>>> print(open('final23.pdb').read())   # PDB, C-alpha atoms
ATOM      1  CA  MET A   1       9.262 -33.033  -8.730
ATOM      2  CA  THR A   2       6.825 -32.238 -11.483
ATOM      3  CA  TYR A   3       4.735 -29.077 -11.651
ATOM      4  CA  MET A   4       1.650 -31.034 -10.553
ATOM      5  CA  GLU A   5       3.457 -32.548  -7.536
ATOM      6  CA  VAL A   6       4.539 -29.087  -6.425
ATOM      7  CA  LYS A   7       0.985 -27.853  -6.864
ATOM      8  CA  GLU A   8      -0.433 -30.720  -4.780
ATOM      9  CA  ARG A   9       2.055 -30.240  -1.954
ATOM     10  CA  LEU A  10       1.775 -26.457  -1.774
ATOM     11  CA  ASN A  11      -1.976 -26.386  -2.416
ATOM     12  CA  LEU A  12      -1.785 -22.982  -4.129
ATOM     13  CA  PRO A  13      -3.474 -21.619  -7.265
ATOM     14  CA  ASP A  14      -1.718 -22.091 -10.614
ATOM     15  CA  GLU A  15      -0.785 -18.424 -11.011
ATOM     16  CA  ASP A  16       0.997 -18.352  -7.611
ATOM     17  CA  ILE A  17       2.874 -21.581  -8.282
ATOM     18  CA  THR A  18       3.938 -20.326 -11.709
ATOM     19  CA  ARG A  19       5.261 -17.098 -10.168
ATOM     20  CA  LEU A  20       7.116 -18.948  -7.398
ATOM     21  CA  LEU A  21       8.667 -21.543  -9.678
ATOM     22  CA  HIS A  22       9.625 -18.884 -12.212
ATOM     23  CA  SER A  23      11.460 -16.868  -9.535
ATOM     24  CA  LEU A  24      13.304 -19.977  -8.309
ATOM     25  CA  ALA A  25      14.142 -21.561 -11.681
ATOM     26  CA  CYS A  26      14.255 -18.845 -14.348
ATOM     27  CA  ALA A  27      15.401 -15.666 -12.593
ATOM     28  CA  LYS A  28      18.874 -14.364 -11.669
ATOM     29  CA  TYR A  29      19.454 -17.045  -9.007
ATOM     30  CA  LYS A  30      18.685 -20.514 -10.328
ATOM     31  CA  VAL A  31      18.004 -22.329  -7.054
ATOM     32  CA  LEU A  32      15.935 -24.920  -8.905
ATOM     33  CA  LEU A  33      16.851 -26.664 -12.144
ATOM     34  CA  LYS A  34      14.035 -26.932 -14.660
ATOM     35  CA  SER A  35      13.605 -29.329 -17.530
ATOM     36  CA  PRO A  36      13.043 -28.575 -20.308
ATOM     37  CA  ASP A  37      15.288 -25.544 -19.941
ATOM     38  CA  SER A  38      13.238 -22.528 -21.024
ATOM     39  CA  LYS A  39      12.164 -19.137 -19.685
ATOM     40  CA  SER A  40       8.507 -20.078 -19.207
ATOM     41  CA  ILE A  41       6.818 -22.446 -16.767
ATOM     42  CA  SER A  42       4.384 -25.060 -18.055
ATOM     43  CA  LYS A  43       2.472 -27.898 -16.387
ATOM     44  CA  GLU A  44       4.710 -30.508 -18.038
ATOM     45  CA  ASP A  45       7.946 -29.140 -16.483
ATOM     46  CA  SER A  46       9.897 -30.960 -13.786
ATOM     47  CA  PHE A  47      12.104 -29.335 -11.149
ATOM     48  CA  SER A  48      15.051 -30.417  -9.037
ATOM     49  CA  PHE A  49      17.313 -28.731  -6.494
ATOM     50  CA  ASN A  50      20.412 -27.134  -7.990
ATOM     51  CA  GLU A  51      23.178 -28.579  -5.832
ATOM     52  CA  ALA A  52      25.771 -26.571  -7.758
ATOM     53  CA  PHE A  53      24.133 -23.281  -6.735
ATOM     54  CA  THR A  54      26.465 -20.970  -4.842
ATOM     55  CA  ASP A  55      26.655 -17.252  -4.323
ATOM     56  CA  ARG A  56      29.260 -15.038  -2.656
ATOM     57  CA  MET A  57      26.583 -13.273  -0.672
ATOM     58  CA  ARG A  58      25.575 -14.826   2.620
ATOM     59  CA  ARG A  59      21.987 -13.790   1.935
ATOM     60  CA  ILE A  60      20.296 -13.434  -1.385
ATOM     61  CA  LYS A  61      16.982 -11.844  -2.238
ATOM     62  CA  ILE A  62      14.762 -13.749  -4.636
ATOM     63  CA  SER A  63      12.105 -11.440  -6.001
ATOM     64  CA  LEU A  64       8.738 -12.553  -7.322
ATOM     65  CA  PRO A  65       7.665 -11.384 -10.748
ATOM     66  CA  VAL A  66       5.013  -8.683 -10.692
ATOM     67  CA  VAL A  67       1.457  -9.910 -11.106
ATOM     68  CA  ASP A  68      -0.921  -8.069 -13.387
ATOM     69  CA  GLU A  69      -1.587  -5.672 -10.512
ATOM     70  CA  LYS A  70      -1.301  -2.734 -12.848
ATOM     71  CA  LYS A  71      -4.456  -3.814 -14.672
ATOM     72  CA  LYS A  72      -6.264  -4.278 -11.370
ATOM     73  CA  VAL A  73      -5.151  -0.855 -10.135
ATOM     74  CA  ILE A  74      -6.265   0.789 -13.385
ATOM     75  CA  GLU A  75      -9.677  -0.910 -13.112
ATOM     76  CA  ASP A  76     -10.039   0.252  -9.502
ATOM     77  CA  VAL A  77      -9.044   3.802 -10.411
ATOM     78  CA  ASP A  78     -11.533   3.851 -13.309
ATOM     79  CA  LYS A  79     -14.265   2.571 -11.009
ATOM     80  CA  ASP A  80     -13.471   5.242  -8.391
ATOM     81  CA  ARG A  81     -13.451   7.918 -11.084
ATOM     82  CA  ARG A  82     -16.859   6.803 -12.345
ATOM     83  CA  TYR A  83     -18.251   7.201  -8.826
ATOM     84  CA  ALA A  84     -16.603  10.624  -8.490
ATOM     85  CA  ILE A  85     -18.057  11.765 -11.827
ATOM     86  CA  ASP A  86     -21.515  10.490 -10.853
ATOM     87  CA  ALA A  87     -21.297  12.333  -7.535
ATOM     88  CA  ALA A  88     -20.178  15.573  -9.205
ATOM     89  CA  ILE A  89     -23.022  15.408 -11.751
ATOM     90  CA  VAL A  90     -25.645  14.717  -9.093
ATOM     91  CA  ARG A  91     -24.234  17.450  -6.803
ATOM     92  CA  THR A  92     -24.327  19.987  -9.615
ATOM     93  CA  MET A  93     -27.809  19.039 -10.781
ATOM     94  CA  LYS A  94     -29.147  18.961  -7.226
ATOM     95  CA  SER A  95     -28.142  22.584  -6.725
ATOM     96  CA  ARG A  96     -29.165  23.832 -10.199
ATOM     97  CA  LYS A  97     -32.257  21.633 -10.834
ATOM     98  CA  GLN A  98     -31.888  22.064 -14.629
ATOM     99  CA  LEU A  99     -28.861  22.808 -16.773
ATOM    100  CA  GLN A 100     -27.702  22.853 -20.385
ATOM    101  CA  HIS A 101     -25.368  20.026 -21.457
ATOM    102  CA  GLN A 102     -22.287  22.233 -22.007
ATOM    103  CA  GLN A 103     -22.779  24.034 -18.691
ATOM    104  CA  LEU A 104     -23.103  20.730 -16.828
ATOM    105  CA  ILE A 105     -19.943  19.377 -18.459
ATOM    106  CA  LEU A 106     -18.010  22.549 -17.563
ATOM    107  CA  GLU A 107     -19.109  22.503 -13.930
ATOM    108  CA  VAL A 108     -18.334  18.802 -13.525
ATOM    109  CA  VAL A 109     -14.871  19.267 -15.056
ATOM    110  CA  GLN A 110     -14.267  22.258 -12.769
ATOM    111  CA  GLN A 111     -15.273  20.254  -9.684
ATOM    112  CA  LEU A 112     -13.182  17.235 -10.609
ATOM    113  CA  SER A 113     -10.108  19.109 -11.884
ATOM    114  CA  ARG A 114      -8.635  19.108  -8.362
ATOM    115  CA  MET A 115      -8.665  15.292  -8.295
ATOM    116  CA  PHE A 116      -8.075  14.315 -11.950
ATOM    117  CA  LYS A 117      -8.726  15.505 -15.481
ATOM    118  CA  PRO A 118     -11.968  13.791 -16.503
ATOM    119  CA  ASP A 119     -12.608  12.658 -20.059
ATOM    120  CA  PHE A 120     -15.564  14.391 -21.749
ATOM    121  CA  LYS A 121     -16.746  11.128 -23.306
ATOM    122  CA  LEU A 122     -16.758   9.450 -19.902
ATOM    123  CA  ILE A 123     -18.783  12.327 -18.410
ATOM    124  CA  LYS A 124     -21.304  11.961 -21.222
ATOM    125  CA  LYS A 125     -21.532   8.194 -20.587
ATOM    126  CA  ARG A 126     -22.064   8.832 -16.879
ATOM    127  CA  ILE A 127     -24.846  11.337 -17.678
ATOM    128  CA  GLU A 128     -26.525   8.708 -19.874
ATOM    129  CA  ASP A 129     -26.186   6.165 -17.075
ATOM    130  CA  LEU A 130     -27.735   8.579 -14.558
ATOM    131  CA  ILE A 131     -30.608   9.192 -16.983
ATOM    132  CA  SER A 132     -31.198   5.427 -17.264
ATOM    133  CA  ARG A 133     -31.131   5.135 -13.449
ATOM    134  CA  ASP A 134     -33.704   7.986 -13.145
ATOM    135  CA  TYR A 135     -31.458  10.536 -11.440
ATOM    136  CA  LEU A 136     -31.704  12.896 -14.422
ATOM    137  CA  GLU A 137     -34.034  13.372 -17.361
ATOM    138  CA  ARG A 138     -33.753  15.076 -20.726
ATOM    139  CA  ASP A 139     -36.146  17.881 -21.541
ATOM    140  CA  ALA A 140     -38.803  16.759 -24.020
ATOM    141  CA  ASP A 141     -38.420  19.885 -26.196
ATOM    142  CA  ASN A 142     -34.667  20.540 -25.846
ATOM    143  CA  ALA A 143     -32.356  17.471 -25.910
ATOM    144  CA  ASN A 144     -29.444  19.559 -24.530
ATOM    145  CA  LEU A 145     -31.312  20.401 -21.320
ATOM    146  CA  TYR A 146     -31.145  18.092 -18.289
ATOM    147  CA  ARG A 147     -33.386  18.116 -15.211
ATOM    148  CA  TYR A 148     -32.639  16.657 -11.797
ATOM    149  CA  LEU A 149     -35.291  14.233 -10.558
ATOM    150  CA  ALA A 150     -35.713  14.583  -6.798
TER     151      ALA A 150
END
>>> encode(input="final23.pdb", output="structure tokens")
Amino acid sequence: MTYMEVKERLNLPDEDITRLLHSLACAKYKVLLKSPDSKSISKEDSFSFNEAFTDRMRRIKISLPVVDEKKKVIEDVDKDRRYAIDAAIVRTMKSRKQLQHQQLILEVVQQLSRMFKPDFKLIKKRIEDLISRDYLERDADNANLYRYLA
């Protein structure tokens, strides 16, 4: 069968079919034979059952290659951290009403240090974002002073 025939019969997205075929044709157990013989799967490849396949084990475990879940997890963690930083800034400013930049940074870092070590640049970006969304404002006379807008 060709790659496209497999895709039509399984009715799965390309990335899933590539992962499945790779685990069956290019991994430790070569249950399928692939032509041309290479380590990557392309849409021009054709596959056939490997009748010579044998293994001493009665059962074998064929693992799927890991998807780019790490990237997705990192994105989700970054998103959650942005929300946590926003919440810490708003909490601090709600209680203090106005605060100097350095003092705000220190209090936010202190609040968040139990969960993770926040990056100062990210805190500054989140402050700028909160200013643009009208949660905070800069003092007209002193650029290092922030006010909470109720």
>>> residues_around(input="final23.pdb", residues="Lys28 in chain A", least_positions_apart="5", cutoff="12 Å", atoms="only C-alpha atoms", output="compact mmCIF listing (two decimals) with C-alpha atoms, in the frame of the given file")
# COMPACT_ATOMS: atom_id res chain seq x y z
CA HIS A 22 9.62 -18.88 -12.21
CA SER A 23 11.46 -16.87 -9.54
CA LYS A 39 12.16 -19.14 -19.68
CA PHE A 53 24.13 -23.28 -6.74
CA ASP A 55 26.66 -17.25 -4.32
CA ILE A 60 20.30 -13.43 -1.38
CA LYS A 61 16.98 -11.84 -2.24
CA ILE A 62 14.76 -13.75 -4.64
CA SER A 63 12.10 -11.44 -6.00
CA LEU A 64 8.74 -12.55 -7.32
CA PRO A 65 7.66 -11.38 -10.75
>>> resolve_selection(input="final23.pdb", expression="the PyMOL selection byres ((chain A and resi 13-17) around 12)", output="VMD selection string")
chain A and resid 2 to 12 18 to 25 41 to 43 64 to 68
>>> closest_residue(input="final23.pdb", among="A:Val73, A:Leu32, A:Arg91, A:Ile123", to="Ser46 in chain A", atoms="all atoms listed in the file")
A:Leu32
>>> atom_distance(input="final23.pdb", atom1="CA of Arg147 in chain A", atom2="CA of Val77 in chain A")
28.6 Å
>>> closest_residue(input="final23.pdb", among="A:Glu44, A:Asp139, A:Glu75, A:Asp86", to="Gln98 in chain A", atoms="all atoms listed in the file")
A:Asp139
>>> build_atoms(input="final23.pdb", residues="range 124-135 of chain A", atoms="all heavy atoms", output="CSV table (one decimal), in the coordinates of the input")
chain,number,residue,atom,x,y,z
A,124,LYS,N,-20.1,12.1,-20.4
A,124,LYS,CA,-21.3,12.0,-21.2
A,124,LYS,C,-21.9,10.6,-21.0
A,124,LYS,O,-23.1,10.4,-20.8
A,124,LYS,CB,-21.0,12.1,-22.7
A,124,LYS,CG,-22.3,12.1,-23.5
A,124,LYS,CD,-22.1,12.6,-24.9
A,124,LYS,CE,-23.4,12.6,-25.7
A,124,LYS,NZ,-23.3,13.0,-27.0
A,125,LYS,N,-21.1,9.5,-20.9
A,125,LYS,CA,-21.5,8.2,-20.6
A,125,LYS,C,-22.2,8.1,-19.2
A,125,LYS,O,-23.2,7.5,-19.0
A,125,LYS,CB,-20.4,7.2,-20.6
A,125,LYS,CG,-20.0,6.8,-22.0
A,125,LYS,CD,-18.9,5.7,-21.9
A,125,LYS,CE,-18.4,5.3,-23.3
A,125,LYS,NZ,-17.2,4.4,-23.2
A,126,ARG,N,-21.5,8.8,-18.2
A,126,ARG,CA,-22.1,8.8,-16.9
A,126,ARG,C,-23.4,9.6,-16.8
A,126,ARG,O,-24.3,9.2,-16.1
A,126,ARG,CB,-21.1,9.5,-15.9
A,126,ARG,CG,-19.7,8.8,-15.8
A,126,ARG,CD,-19.7,7.3,-15.7
A,126,ARG,NE,-20.6,6.8,-14.7
A,126,ARG,CZ,-21.1,5.5,-14.7
A,126,ARG,NH1,-20.9,4.7,-15.7
A,126,ARG,NH2,-21.9,5.1,-13.7
A,127,ILE,N,-23.6,10.6,-17.6
A,127,ILE,CA,-24.8,11.3,-17.7
A,127,ILE,C,-25.9,10.4,-18.2
A,127,ILE,O,-27.0,10.3,-17.7
A,127,ILE,CB,-24.7,12.6,-18.5
A,127,ILE,CG1,-23.9,13.7,-17.8
A,127,ILE,CG2,-26.1,13.2,-18.9
A,127,ILE,CD1,-23.6,14.9,-18.7
A,128,GLU,N,-25.6,9.7,-19.3
A,128,GLU,CA,-26.5,8.7,-19.9
A,128,GLU,C,-26.9,7.6,-18.9
A,128,GLU,O,-28.1,7.2,-18.8
A,128,GLU,CB,-25.9,8.1,-21.1
A,128,GLU,CG,-25.7,9.0,-22.3
A,128,GLU,CD,-27.0,9.7,-22.8
A,128,GLU,OE1,-28.1,9.0,-22.7
A,128,GLU,OE2,-26.9,10.8,-23.2
A,129,ASP,N,-25.9,7.2,-18.1
A,129,ASP,CA,-26.2,6.2,-17.1
A,129,ASP,C,-27.1,6.7,-16.0
A,129,ASP,O,-28.0,6.0,-15.5
A,129,ASP,CB,-24.9,5.7,-16.5
A,129,ASP,CG,-25.1,4.5,-15.5
A,129,ASP,OD1,-25.6,3.5,-15.9
A,129,ASP,OD2,-24.7,4.7,-14.3
A,130,LEU,N,-26.9,8.0,-15.6
A,130,LEU,CA,-27.7,8.6,-14.6
A,130,LEU,C,-29.2,8.8,-15.1
A,130,LEU,O,-30.1,8.7,-14.3
A,130,LEU,CB,-27.1,9.9,-14.1
A,130,LEU,CG,-25.9,9.8,-13.2
A,130,LEU,CD1,-25.2,11.1,-13.0
A,130,LEU,CD2,-26.2,9.1,-11.9
A,131,ILE,N,-29.3,9.1,-16.4
A,131,ILE,CA,-30.6,9.2,-17.0
A,131,ILE,C,-31.3,7.8,-16.9
A,131,ILE,O,-32.5,7.7,-16.6
A,131,ILE,CB,-30.5,9.7,-18.4
A,131,ILE,CG1,-30.1,11.2,-18.4
A,131,ILE,CG2,-31.8,9.5,-19.2
A,131,ILE,CD1,-29.8,11.8,-19.8
A,132,SER,N,-30.6,6.8,-17.3
A,132,SER,CA,-31.2,5.4,-17.3
A,132,SER,C,-31.6,5.0,-15.8
A,132,SER,O,-32.5,4.2,-15.7
A,132,SER,CB,-30.3,4.4,-17.9
A,132,SER,OG,-29.1,4.2,-17.1
A,133,ARG,N,-30.8,5.5,-14.8
A,133,ARG,CA,-31.1,5.1,-13.4
A,133,ARG,C,-32.1,6.1,-12.8
A,133,ARG,O,-32.3,6.1,-11.6
A,133,ARG,CB,-29.8,5.0,-12.6
A,133,ARG,CG,-28.9,3.9,-13.1
A,133,ARG,CD,-27.8,3.7,-12.2
A,133,ARG,NE,-27.3,4.9,-11.6
A,133,ARG,CZ,-26.0,5.0,-11.1
A,133,ARG,NH1,-25.1,4.1,-11.3
A,133,ARG,NH2,-25.6,6.1,-10.6
A,134,ASP,N,-32.7,7.0,-13.6
A,134,ASP,CA,-33.7,8.0,-13.1
A,134,ASP,C,-33.2,9.0,-12.1
A,134,ASP,O,-33.9,9.4,-11.2
A,134,ASP,CB,-34.9,7.3,-12.6
A,134,ASP,CG,-35.7,6.5,-13.7
A,134,ASP,OD1,-35.6,7.0,-14.9
A,134,ASP,OD2,-36.4,5.6,-13.4
A,135,TYR,N,-31.9,9.4,-12.2
A,135,TYR,CA,-31.5,10.5,-11.4
A,135,TYR,C,-31.7,11.8,-12.2
A,135,TYR,O,-31.9,12.9,-11.6
A,135,TYR,CB,-30.0,10.4,-11.1
A,135,TYR,CG,-29.7,9.4,-10.0
A,135,TYR,CD1,-29.5,8.1,-10.3
A,135,TYR,CD2,-29.6,9.8,-8.7
A,135,TYR,CE1,-29.2,7.2,-9.3
A,135,TYR,CE2,-29.4,8.9,-7.7
A,135,TYR,CZ,-29.2,7.6,-8.0
A,135,TYR,OH,-28.9,6.7,-6.9
